[in-house]
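*Asks:* What follows is coords_18.tsv, TSV, C-alpha atoms and all ligand atoms.
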```
chain	number	residue	atom	x	y	z
I	1	MET	CA	-12.52	1.81	37.38
I	2	LEU	CA	-10.79	1.30	34.05
I	3	ALA	CA	-13.46	3.28	32.22
I	4	MET	CA	-12.94	6.36	34.41
I	5	LYS	CA	-9.22	6.35	33.71
I	6	GLN	CA	-9.36	6.28	29.93
I	7	PRO	CA	-8.27	9.71	28.67
I	8	LEU	CA	-10.50	9.25	25.61
I	9	LEU	CA	-13.53	9.15	27.88
I	10	THR	CA	-12.82	12.38	29.72
I	11	THR	CA	-14.60	15.65	28.91
I	12	TYR	CA	-13.04	18.51	26.98
I	13	GLU	CA	-13.89	22.17	26.43
I	14	LEU	CA	-13.55	23.13	22.80
I	15	GLY	CA	-14.14	26.86	22.79
I	16	ALA	CA	-17.69	27.29	24.02
I	17	VAL	CA	-18.56	23.69	23.21
I	18	GLN	CA	-18.41	21.15	26.02
I	19	LEU	CA	-17.48	17.70	24.67
I	20	LYS	CA	-18.61	14.70	26.68
I	21	ASN	CA	-15.54	12.71	25.61
I	22	ARG	CA	-12.42	13.14	23.49
I	23	ILE	CA	-13.51	10.74	20.77
I	24	VAL	CA	-14.12	12.63	17.55
I	25	MET	CA	-15.95	11.10	14.60
I	26	ALA	CA	-13.73	12.13	11.67
I	27	PRO	CA	-15.35	13.43	8.48
I	28	MET	CA	-16.47	10.74	6.07
I	29	THR	CA	-17.90	11.19	2.61
I	30	ARG	CA	-20.51	8.44	2.29
I	31	ARG	CA	-22.26	9.61	-0.91
I	32	ARG	CA	-25.74	8.91	0.41
I	33	VAL	CA	-27.29	12.20	-0.70
I	34	THR	CA	-28.89	11.15	-3.94
I	35	ASN	CA	-31.59	13.81	-4.42
I	36	ASN	CA	-31.21	16.59	-7.01
I	37	ASP	CA	-31.04	19.24	-4.29
I	38	LEU	CA	-28.03	17.51	-2.69
I	39	ALA	CA	-29.82	18.08	0.61
I	40	PRO	CA	-29.48	15.76	3.63
I	41	THR	CA	-32.55	13.61	4.32
I	42	THR	CA	-33.95	11.50	7.14
I	43	LEU	CA	-31.53	8.72	6.11
I	44	ASN	CA	-28.54	10.97	6.81
I	45	THR	CA	-30.23	12.20	9.99
I	46	THR	CA	-30.53	8.65	11.29
I	47	TYR	CA	-26.87	7.93	10.46
I	48	TYR	CA	-25.52	10.93	12.35
I	49	ALA	CA	-27.94	10.57	15.29
I	50	GLN	CA	-26.81	6.95	15.72
I	51	ARG	CA	-23.26	8.26	16.23
I	52	ALA	CA	-24.13	11.08	18.67
I	53	GLY	CA	-22.20	9.29	21.45
I	54	ALA	CA	-19.01	10.80	19.96
I	55	GLY	CA	-17.69	13.81	21.84
I	56	LEU	CA	-17.80	15.60	18.50
I	57	ILE	CA	-19.09	14.58	15.07
I	58	ILE	CA	-17.54	16.20	12.02
I	59	THR	CA	-19.74	15.77	8.97
I	60	GLU	CA	-18.68	14.54	5.57
I	61	GLY	CA	-17.01	17.09	3.29
I	62	THR	CA	-19.83	19.46	2.25
I	63	ALA	CA	-19.77	21.65	-0.85
I	64	ILE	CA	-19.84	25.38	-0.15
I	65	SER	CA	-21.20	26.26	-3.60
I	66	PRO	CA	-22.43	24.58	-6.80
I	67	THR	CA	-18.93	25.04	-8.27
I	68	ALA	CA	-17.19	23.39	-5.30
I	69	ILE	CA	-18.42	19.88	-6.13
I	70	GLY	CA	-15.96	17.09	-6.95
I	71	PHE	CA	-17.97	13.91	-6.29
I	72	ILE	CA	-21.51	12.73	-6.90
I	73	ASN	CA	-24.06	12.40	-4.09
I	74	VAL	CA	-22.20	14.66	-1.70
I	75	PRO	CA	-24.29	17.25	0.18
I	76	GLY	CA	-24.01	21.00	-0.10
I	77	ILE	CA	-24.65	23.90	2.26
I	78	TYR	CA	-25.52	26.66	-0.18
I	79	SER	CA	-29.32	26.35	-0.68
I	80	THR	CA	-32.37	26.65	1.55
I	81	GLN	CA	-33.22	22.97	0.96
I	82	GLN	CA	-29.75	21.95	2.10
I	83	ILE	CA	-29.91	24.17	5.20
I	84	ALA	CA	-33.30	22.62	6.06
I	85	GLY	CA	-31.89	19.12	5.54
I	86	TRP	CA	-28.92	19.82	7.79
I	87	LYS	CA	-31.25	21.26	10.44
I	88	LEU	CA	-32.88	17.84	10.70
I	89	VAL	CA	-29.43	16.36	11.28
I	90	THR	CA	-28.23	18.88	13.89
I	91	ASP	CA	-31.55	18.73	15.80
I	92	ALA	CA	-31.36	14.94	15.97
I	93	VAL	CA	-27.73	14.97	17.16
I	94	HIS	CA	-28.47	17.65	19.76
I	95	ALA	CA	-31.51	15.70	20.98
I	96	LYS	CA	-29.05	12.94	21.87
I	97	ALA	CA	-26.70	15.40	23.62
I	98	GLY	CA	-24.19	15.25	20.77
I	99	LYS	CA	-22.18	18.04	19.14
I	100	ILE	CA	-21.68	18.43	15.42
I	101	PHE	CA	-19.43	20.53	13.17
I	102	VAL	CA	-19.84	20.73	9.40
I	103	GLN	CA	-16.78	20.15	7.22
I	104	LEU	CA	-16.72	22.87	4.55
I	105	ALA	CA	-15.16	21.70	1.30
I	106	HIS	CA	-14.19	23.00	-2.13
I	107	GLY	CA	-12.87	20.58	-4.75
I	108	GLY	CA	-11.21	23.18	-7.01
I	109	ALA	CA	-9.47	21.38	-9.86
I	110	ALA	CA	-10.22	17.99	-8.29
I	111	SER	CA	-13.49	17.90	-10.19
I	112	HIS	CA	-14.77	17.26	-13.69
I	113	PRO	CA	-16.67	19.09	-16.49
I	114	ASP	CA	-19.52	16.57	-15.96
I	115	PHE	CA	-20.47	18.54	-12.84
I	116	TYR	CA	-20.60	21.86	-14.69
I	117	ASN	CA	-22.51	21.16	-17.92
I	118	GLY	CA	-19.24	20.60	-19.77
I	119	GLU	CA	-17.48	23.74	-18.47
I	120	ILE	CA	-14.01	23.03	-17.16
I	121	PRO	CA	-13.46	23.37	-13.41
I	122	ALA	CA	-11.12	26.03	-12.07
I	123	GLY	CA	-8.10	25.83	-9.79
I	124	PRO	CA	-5.15	27.95	-8.66
I	125	SER	CA	-3.34	27.44	-12.02
I	126	ALA	CA	-4.08	25.79	-15.36
I	127	ILE	CA	-2.29	22.61	-14.29
I	128	ASN	CA	-3.96	19.20	-14.24
I	129	PRO	CA	-3.55	17.81	-10.70
I	130	GLY	CA	-3.66	14.26	-12.16
I	131	LEU	CA	-6.49	13.02	-9.96
I	132	GLN	CA	-9.81	11.29	-10.56
I	133	ALA	CA	-13.29	12.60	-9.85
I	134	PHE	CA	-16.23	10.29	-9.22
I	135	THR	CA	-19.01	11.23	-11.64
I	136	GLN	CA	-22.41	9.73	-12.57
I	137	GLU	CA	-20.49	7.55	-15.02
I	138	GLY	CA	-17.85	6.45	-12.51
I	139	PHE	CA	-14.28	7.63	-12.03
I	140	LYS	CA	-13.01	10.09	-14.62
I	141	ASP	CA	-9.58	11.70	-14.94
I	142	THR	CA	-9.31	15.35	-14.00
I	143	VAL	CA	-8.63	17.81	-16.83
I	144	ILE	CA	-6.47	20.92	-17.19
I	145	PRO	CA	-8.46	23.44	-15.14
I	146	ARG	CA	-9.00	27.09	-15.80
I	147	ALA	CA	-6.98	29.34	-13.47
I	148	PHE	CA	-9.06	31.46	-11.10
I	149	THR	CA	-8.76	35.20	-11.54
I	150	THR	CA	-7.70	37.11	-8.42
I	151	GLU	CA	-11.26	38.46	-8.14
I	152	GLU	CA	-12.68	34.94	-8.32
I	153	ILE	CA	-10.46	33.87	-5.42
I	154	LYS	CA	-11.80	36.73	-3.33
I	155	ALA	CA	-15.33	35.66	-4.32
I	156	ILE	CA	-14.64	32.10	-3.10
I	157	VAL	CA	-13.51	33.47	0.26
I	158	LYS	CA	-16.94	35.12	0.45
I	159	GLU	CA	-18.63	31.84	-0.53
I	160	PHE	CA	-16.96	30.20	2.46
I	161	SER	CA	-18.24	33.03	4.60
I	162	GLN	CA	-21.79	32.54	3.29
I	163	ALA	CA	-21.51	28.79	3.90
I	164	ALA	CA	-20.58	29.54	7.53
I	165	LEU	CA	-23.66	31.75	7.89
I	166	ASN	CA	-25.72	28.94	6.41
I	167	ALA	CA	-24.15	26.51	8.91
I	168	LYS	CA	-25.31	28.77	11.73
I	169	GLN	CA	-28.84	28.69	10.36
I	170	ALA	CA	-28.63	24.92	10.10
I	171	GLY	CA	-27.74	24.69	13.79
I	172	PHE	CA	-24.14	23.46	13.59
I	173	ASP	CA	-21.99	23.89	16.72
I	174	GLY	CA	-18.99	24.77	14.59
I	175	ILE	CA	-17.08	24.37	11.37
I	176	GLU	CA	-14.12	22.37	10.15
I	177	LEU	CA	-12.30	23.70	7.11
I	178	HIS	CA	-11.34	20.85	4.76
I	179	ALA	CA	-7.67	21.45	3.93
I	180	GLN	CA	-6.54	17.88	3.49
I	181	ILE	CA	-5.50	15.56	0.67
I	182	TYR	CA	-6.17	17.20	-2.71
I	183	THR	CA	-8.94	19.74	-2.14
I	184	LEU	CA	-8.66	23.41	-3.10
I	185	ILE	CA	-6.56	24.57	-0.14
I	186	PRO	CA	-3.82	21.95	-0.70
I	187	GLN	CA	-3.95	22.91	-4.41
I	188	PHE	CA	-3.08	26.46	-3.34
I	189	LEU	CA	-0.40	25.30	-0.89
I	190	SER	CA	1.43	23.12	-3.42
I	191	ALA	CA	4.02	24.67	-5.73
I	192	ALA	CA	3.20	21.87	-8.20
I	193	THR	CA	-0.41	23.02	-8.72
I	194	ASN	CA	-0.05	26.70	-7.80
I	195	GLN	CA	2.19	28.70	-10.10
I	196	ARG	CA	0.29	31.95	-9.78
I	197	MET	CA	2.06	35.27	-10.19
I	198	ASP	CA	-0.31	37.29	-7.96
I	199	GLU	CA	-0.45	37.51	-4.16
I	200	TYR	CA	-1.80	33.92	-3.97
I	201	GLY	CA	1.27	32.27	-5.55
I	202	GLY	CA	5.06	32.24	-5.35
I	203	SER	CA	6.29	32.23	-1.74
I	204	ILE	CA	4.99	29.92	0.97
I	205	GLU	CA	3.36	32.94	2.56
I	206	ASN	CA	1.52	33.73	-0.67
I	207	ARG	CA	0.46	30.14	-1.28
I	208	ALA	CA	-1.00	30.04	2.24
I	209	ARG	CA	-2.80	33.38	1.86
I	210	PHE	CA	-6.06	31.88	0.59
I	211	LEU	CA	-6.22	29.52	3.56
I	212	PHE	CA	-5.80	32.33	6.08
I	213	GLU	CA	-8.29	34.59	4.31
I	214	VAL	CA	-10.89	31.83	4.46
I	215	LEU	CA	-10.15	31.07	8.12
I	216	GLU	CA	-10.46	34.73	9.07
I	217	GLU	CA	-13.95	34.82	7.53
I	218	LEU	CA	-15.02	31.64	9.31
I	219	ILE	CA	-13.71	32.86	12.67
I	220	LYS	CA	-15.63	36.13	12.24
I	221	ILE	CA	-18.82	34.08	12.13
I	222	TYR	CA	-18.10	31.12	14.43
I	223	GLY	CA	-15.44	32.48	16.80
I	224	LYS	CA	-13.39	29.73	18.37
I	225	GLN	CA	-15.71	27.01	17.07
I	226	VAL	CA	-13.63	26.69	13.90
I	227	GLY	CA	-11.09	23.96	13.18
I	228	ILE	CA	-9.00	22.95	10.20
I	229	LYS	CA	-7.95	19.52	8.94
I	230	PHE	CA	-4.55	19.09	7.30
I	231	SER	CA	-2.67	16.14	5.83
I	232	PRO	CA	0.99	17.15	5.36
I	233	ALA	CA	1.92	13.52	4.67
I	234	ALA	CA	-0.74	12.63	2.09
I	235	PHE	CA	0.80	10.97	-0.95
I	236	ASN	CA	-2.03	11.54	-3.42
I	237	PRO	CA	-1.98	10.22	-6.96
I	238	GLY	CA	-0.80	12.87	-9.44
I	239	LEU	CA	0.98	16.09	-8.48
I	240	LEU	CA	-0.19	16.71	-4.92
I	241	LYS	CA	2.48	14.98	-2.90
I	242	PRO	CA	4.80	16.01	-0.07
I	243	ASP	CA	7.78	17.87	-1.53
I	244	GLY	CA	10.79	19.90	-0.45
I	245	PHE	CA	8.49	22.75	0.69
I	246	THR	CA	6.10	20.66	2.79
I	247	ILE	CA	7.79	20.86	6.19
I	248	ASP	CA	8.55	24.57	5.88
I	249	THR	CA	4.99	25.20	4.69
I	250	PHE	CA	3.41	23.49	7.70
I	251	ASP	CA	5.91	25.00	10.14
I	252	TYR	CA	4.89	28.41	8.76
I	253	ILE	CA	1.14	27.68	8.86
I	254	LEU	CA	1.10	26.18	12.36
I	255	ASN	CA	3.23	28.99	13.75
I	256	LYS	CA	0.94	31.57	12.23
I	257	LEU	CA	-2.15	29.77	13.52
I	258	ASN	CA	-0.94	30.54	17.04
I	259	ASN	CA	-2.00	34.13	16.36
I	260	TYR	CA	-5.55	33.03	15.55
I	261	ASP	CA	-8.20	32.25	18.12
I	262	LEU	CA	-8.83	28.89	16.49
I	263	GLY	CA	-10.74	25.92	17.93
I	264	TYR	CA	-8.37	23.20	16.78
I	265	VAL	CA	-5.99	21.77	14.25
I	266	HIS	CA	-6.93	18.27	13.05
I	267	LEU	CA	-3.89	16.42	11.74
I	268	LEU	CA	-3.93	13.32	9.59
I	269	GLY	CA	-0.85	11.24	10.35
I	270	PRO	CA	1.39	9.48	7.85
I	271	ASP	CA	0.15	6.16	6.50
I	272	ARG	CA	3.56	4.92	5.40
I	273	ASP	CA	7.25	4.81	6.13
I	274	LEU	CA	8.57	8.30	5.38
I	275	LYS	CA	12.17	7.24	4.91
I	276	GLY	CA	13.45	8.23	1.49
I	277	THR	CA	10.63	10.77	0.98
I	278	PRO	CA	11.00	14.58	1.04
I	279	ILE	CA	9.43	14.56	4.53
I	280	GLU	CA	11.73	11.92	5.98
I	281	ALA	CA	12.50	14.32	8.87
I	282	LEU	CA	8.96	13.69	10.20
I	283	GLN	CA	9.48	9.93	10.43
I	284	ASP	CA	9.79	9.61	14.19
I	285	ASN	CA	8.29	12.84	15.50
I	286	TYR	CA	5.29	13.65	13.35
I	287	PHE	CA	2.73	14.60	16.00
I	288	SER	CA	5.30	15.88	18.50
I	289	ARG	CA	6.91	18.23	15.98
I	290	PHE	CA	3.61	19.88	15.10
I	291	ARG	CA	2.45	19.73	18.72
I	292	ASN	CA	5.54	21.69	19.72
I	293	ILE	CA	4.77	24.40	17.19
I	294	TYR	CA	1.00	24.76	17.52
I	295	GLN	CA	-0.11	25.80	21.01
I	296	GLY	CA	-3.85	25.18	20.60
I	297	THR	CA	-6.04	22.08	20.64
I	298	LEU	CA	-4.76	19.24	18.47
I	299	ILE	CA	-6.88	16.39	17.13
I	300	ALA	CA	-4.79	13.44	15.94
I	301	ASN	CA	-6.05	11.11	13.24
I	302	LEU	CA	-5.21	8.02	11.23
I	303	GLY	CA	-5.38	4.43	12.22
I	304	PHE	CA	-5.89	4.98	15.94
I	305	THR	CA	-7.28	2.32	18.24
I	306	GLN	CA	-8.62	2.62	21.77
I	307	GLN	CA	-5.14	1.79	23.10
I	308	THR	CA	-3.06	4.03	20.83
I	309	GLY	CA	-5.57	6.87	21.16
I	310	ASN	CA	-5.51	6.74	24.96
I	311	LYS	CA	-1.72	6.59	24.93
I	312	LEU	CA	-1.36	9.60	22.64
I	313	ILE	CA	-3.48	11.73	24.95
I	314	ASP	CA	-1.71	10.34	28.01
I	315	ASP	CA	1.64	11.24	26.45
I	316	GLY	CA	0.38	14.78	25.90
I	317	LEU	CA	0.77	14.55	22.11
I	318	ALA	CA	-2.88	15.35	21.33
I	319	ASP	CA	-5.97	16.63	23.13
I	320	LEU	CA	-8.51	14.67	21.12
I	321	VAL	CA	-8.32	11.68	18.79
I	322	SER	CA	-10.51	11.16	15.76
I	323	PHE	CA	-11.73	7.90	14.31
I	324	ALA	CA	-13.22	7.53	10.85
I	325	ALA	CA	-13.53	3.94	9.61
I	326	PRO	CA	-14.18	2.52	13.13
I	327	PHE	CA	-17.36	4.63	13.35
I	328	ILE	CA	-18.84	3.04	10.22
I	329	ALA	CA	-19.64	-0.36	11.73
I	330	ASN	CA	-19.60	0.81	15.36
I	331	PRO	CA	-22.16	3.58	15.76
I	332	ASP	CA	-21.68	3.24	19.54
I	333	LEU	CA	-17.87	3.39	19.42
I	334	PRO	CA	-17.41	5.37	22.70
I	335	ARG	CA	-19.64	2.92	24.57
I	336	ARG	CA	-17.64	-0.01	23.19
I	337	PHE	CA	-14.46	1.67	24.40
I	338	GLU	CA	-16.04	2.20	27.80
I	339	LEU	CA	-17.24	-1.36	28.19
I	340	GLY	CA	-14.39	-3.09	26.36
I	341	ILE	CA	-16.68	-4.50	23.68
I	342	PRO	CA	-14.87	-5.78	20.55
I	343	LEU	CA	-15.27	-3.70	17.40
I	344	ALA	CA	-17.25	-4.80	14.35
I	345	GLU	CA	-15.63	-4.70	10.89
I	346	ALA	CA	-17.22	-2.52	8.22
I	347	ASP	CA	-17.99	-3.75	4.71
I	348	GLN	CA	-15.80	-1.61	2.46
I	349	SER	CA	-18.03	-2.22	-0.57
I	350	THR	CA	-20.69	0.00	1.02
I	351	TYR	CA	-18.42	2.84	2.13
I	352	TYR	CA	-19.59	5.06	-0.72
I	353	SER	CA	-22.92	3.62	-1.86
I	354	GLY	CA	-25.74	1.32	-0.86
I	355	GLY	CA	-28.42	3.57	0.66
I	356	ALA	CA	-29.25	2.36	4.18
I	357	THR	CA	-27.19	-0.79	3.65
I	358	GLY	CA	-23.80	-0.43	5.28
I	359	TYR	CA	-24.85	3.02	6.47
I	360	THR	CA	-27.60	2.94	9.10
I	361	ASP	CA	-27.97	-0.82	9.58
I	362	TYR	CA	-24.96	-1.51	11.78
I	363	PRO	CA	-26.35	-2.40	15.23
I	364	VAL	CA	-25.17	-1.13	18.59
I	365	ALA	CA	-23.38	-3.78	20.63
I	366	VAL	CA	-25.19	-5.84	23.21
I	367	LYS	CA	-23.01	-6.28	26.26
I	368	GLY	CA	-22.90	-10.03	26.95
G	401	LIG	C1	-15.36	6.39	3.70
G	401	LIG	C2	-14.42	7.52	4.03
G	401	LIG	C3	-14.70	8.80	3.60
G	401	LIG	C4	-13.88	9.87	3.96
G	401	LIG	N1	-14.23	11.16	3.60
G	401	LIG	C5	-13.54	12.23	4.11
G	401	LIG	C6	-14.01	13.57	3.97
G	401	LIG	O1	-15.07	13.84	3.40
G	401	LIG	N2	-13.25	14.55	4.49
G	401	LIG	C7	-12.07	14.31	5.15
G	401	LIG	O2	-11.42	15.25	5.63
G	401	LIG	N3	-11.62	13.06	5.32
G	401	LIG	C8	-12.33	12.02	4.84
G	401	LIG	N4	-11.90	10.73	5.08
G	401	LIG	C9	-10.68	10.52	5.87
G	401	LIG	C10	-11.00	10.31	7.34
G	401	LIG	O3	-11.58	11.48	7.92
G	401	LIG	C11	-9.74	9.96	8.13
G	401	LIG	O4	-8.82	11.02	7.98
G	401	LIG	C12	-9.10	8.65	7.66
G	401	LIG	O5	-10.06	7.67	7.37
G	401	LIG	C13	-8.16	8.08	8.74
G	401	LIG	O6	-8.85	7.81	9.95
G	401	LIG	P1	-9.19	6.29	10.40
G	401	LIG	O7	-7.88	5.55	10.30
G	401	LIG	O8	-9.71	6.40	11.80
G	401	LIG	O9	-10.20	5.75	9.43
G	401	LIG	C14	-12.70	9.64	4.72
G	401	LIG	C15	-12.42	8.33	5.13
G	401	LIG	C16	-13.26	7.28	4.83
G	401	LIG	C17	-12.93	5.90	5.35
```
Reformat the file's structure so that it appears as structure tokens.

*Replies:*
Amino acid sequence: MLAMKQPLLTTYELGAVQLKNRIVMAPMTRRRVTNNDLAPTTLNTTYYAQRAGAGLIITEGTAISPTAIGFINVPGIYSTQQIAGWKLVTDAVHAKAGKIFVQLAHGGAASHPDFYNGEIPAGPSAINPGLQAFTQEGFKDTVIPRAFTTEEIKAIVKEFSQAALNAKQAGFDGIELHAQIYTLIPQFLSAATNQRMDEYGGSIENRARFLFEVLEELIKIYGKQVGIKFSPAAFNPGLLKPDGFTIDTFDYILNKLNNYDLGYVHLLGPDRDLKGTPIEALQDNYFSRFRNIYQGTLIANLGFTQQTGNKLIDDGLADLVSFAAPFIANPDLPRRFELGIPLAEADQSTYYSGGATGYTDYPVAVKG
């Protein structure tokens, strides 16, 4: 009885993709792709297949080109080896009646010369975002990047387009554009890291231009099976923090997205009290404010539990809810929700390394 009533366990139509429940596995970088090709392997295939009970899996952030990399051991989707590796993953998820989108990512200035034979990475402007990149030698501070030329920006839009074509070949059901925390799109959106004088800088409209150009390319290839993940309330180290433009920027973007035939917006909630911050006005109405602006499918994220996730959907504040950390130690998370089985705790020391340990060795629950 109870199981049938849980909103999280009801089906949902996301464009042409029928989801068996409204539990989304949020993207998680796990840094388990250690081969030189940065191609997914049978280890990654096992990990994703184990989690195919989710209504939708969104993969870890995946580099769209060799110059989009910001962390070690993160997969790409720009070579034939990588496409073949991902095909293993999508086939295995589909064999278990799961659905899987790839999260397309570009690190921009959130990278390090170690990834580019000593060449400095590029970003919207020659301004150090004040972040850290994880290299072969551990965390290293970001440097002052080179500013992209206007032509280079247009070339990156095309790289996203090629990555989407590659995703099709690899069998993905759709794409999520990574526009959260400190990746390239937030670097364009922020006046602190984008001081360009061309059509990609200056006004909010100009700073958002890159994002819309990329989305238009992705939609051309994947139709409605395209989503985007934002984090308006992410207080990153360094320069990329909510500021006096943040609310207006997201009001503008979400309004404009209503004109796009988009699959969904995936919103990361605030992880702190917003009082006294430039986005204090979002303190008590974060999801409802954006929900009121954006008319399409909304996935809510950050710190949800079975109870709070069900309530959010019940209250009409989101259509789907995503869970990241809970999926690490609970590969069968939807089944646990259905049967009321307590959740296992993940070992944080193996979030980003450890091979199979802490990755594919968490068991499914046995109902007592
Ligand atoms: C190990 C780990 C890796 C993550 N990697 C990514 C990523 O590659 N892309 C992304 O958009 N978010 C990433 N996130 C953020 C999650 O998708 C999610 O927004 C966040 O963990 C909050 O959800 P939760 O409270 O259910 O864990 C990561 C989170 C974790 C725990």

*Asks:* Which residues come within 12 Å of Asn292 (chain I), counting all atoms listed in the file, excluding same-chain residues fewer than 2 positions away, as an NGL selection string?

*Replies:* :I and (251 or 254-255 or 258 or 285-290 or 294-298 or 316-318)

*Asks:* Quick one: residues within 10 Å of Glu159 (chain I), all atoms listed in the file counted, chain neighbours fewer than 6 positions away excluded, as a PyMOL selection string?

*Replies:* chain I and resi 64-65+68+78+153+165+214+217

*Asks:* Using all atoms listed in the file, what are the residues with an atom within 10 Å of ligand LIG 401 (chain G), set out as number ranges by chain?

*Replies:* I: 24-31, 58-62, 74, 103-105, 176-181, 183, 228-231, 266-271, 300-305, 321-328, 346, 348-353

*Asks:* Choose the residue, out of I:Pro334, I:Gly98, I:Gly354, I:Gly202, that has the smallest atom-to-atom separation from Thr10 (chain I); count only C-alpha atoms.

*Replies:*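 Of I:Pro334, I:Gly98, I:Gly354, I:Gly202, the one nearest Thr10 (chain I), counting only C-alpha atoms, is I:Pro334.
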
*Asks:* Of the residues I:Ala191, I:Pro121, I:Thr277, I:Val17, which is the one nearest to Gly223 (chain I), using all atoms listed in the file?

*Replies:*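 Checking each candidate against Gly223 (chain I), we get I:Val17 as the closest.
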
*Asks:* Would you mind telling me which residue in I:Ser190, I:Ser203, I:Thr34, I:Gln169 lies nearest to Tyr222 (chain I) when using all atoms listed in the file?

*Replies:*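 Ranking I:Ser190, I:Ser203, I:Thr34, I:Gln169 by distance to Tyr222 (chain I), first place goes to I:Gln169.
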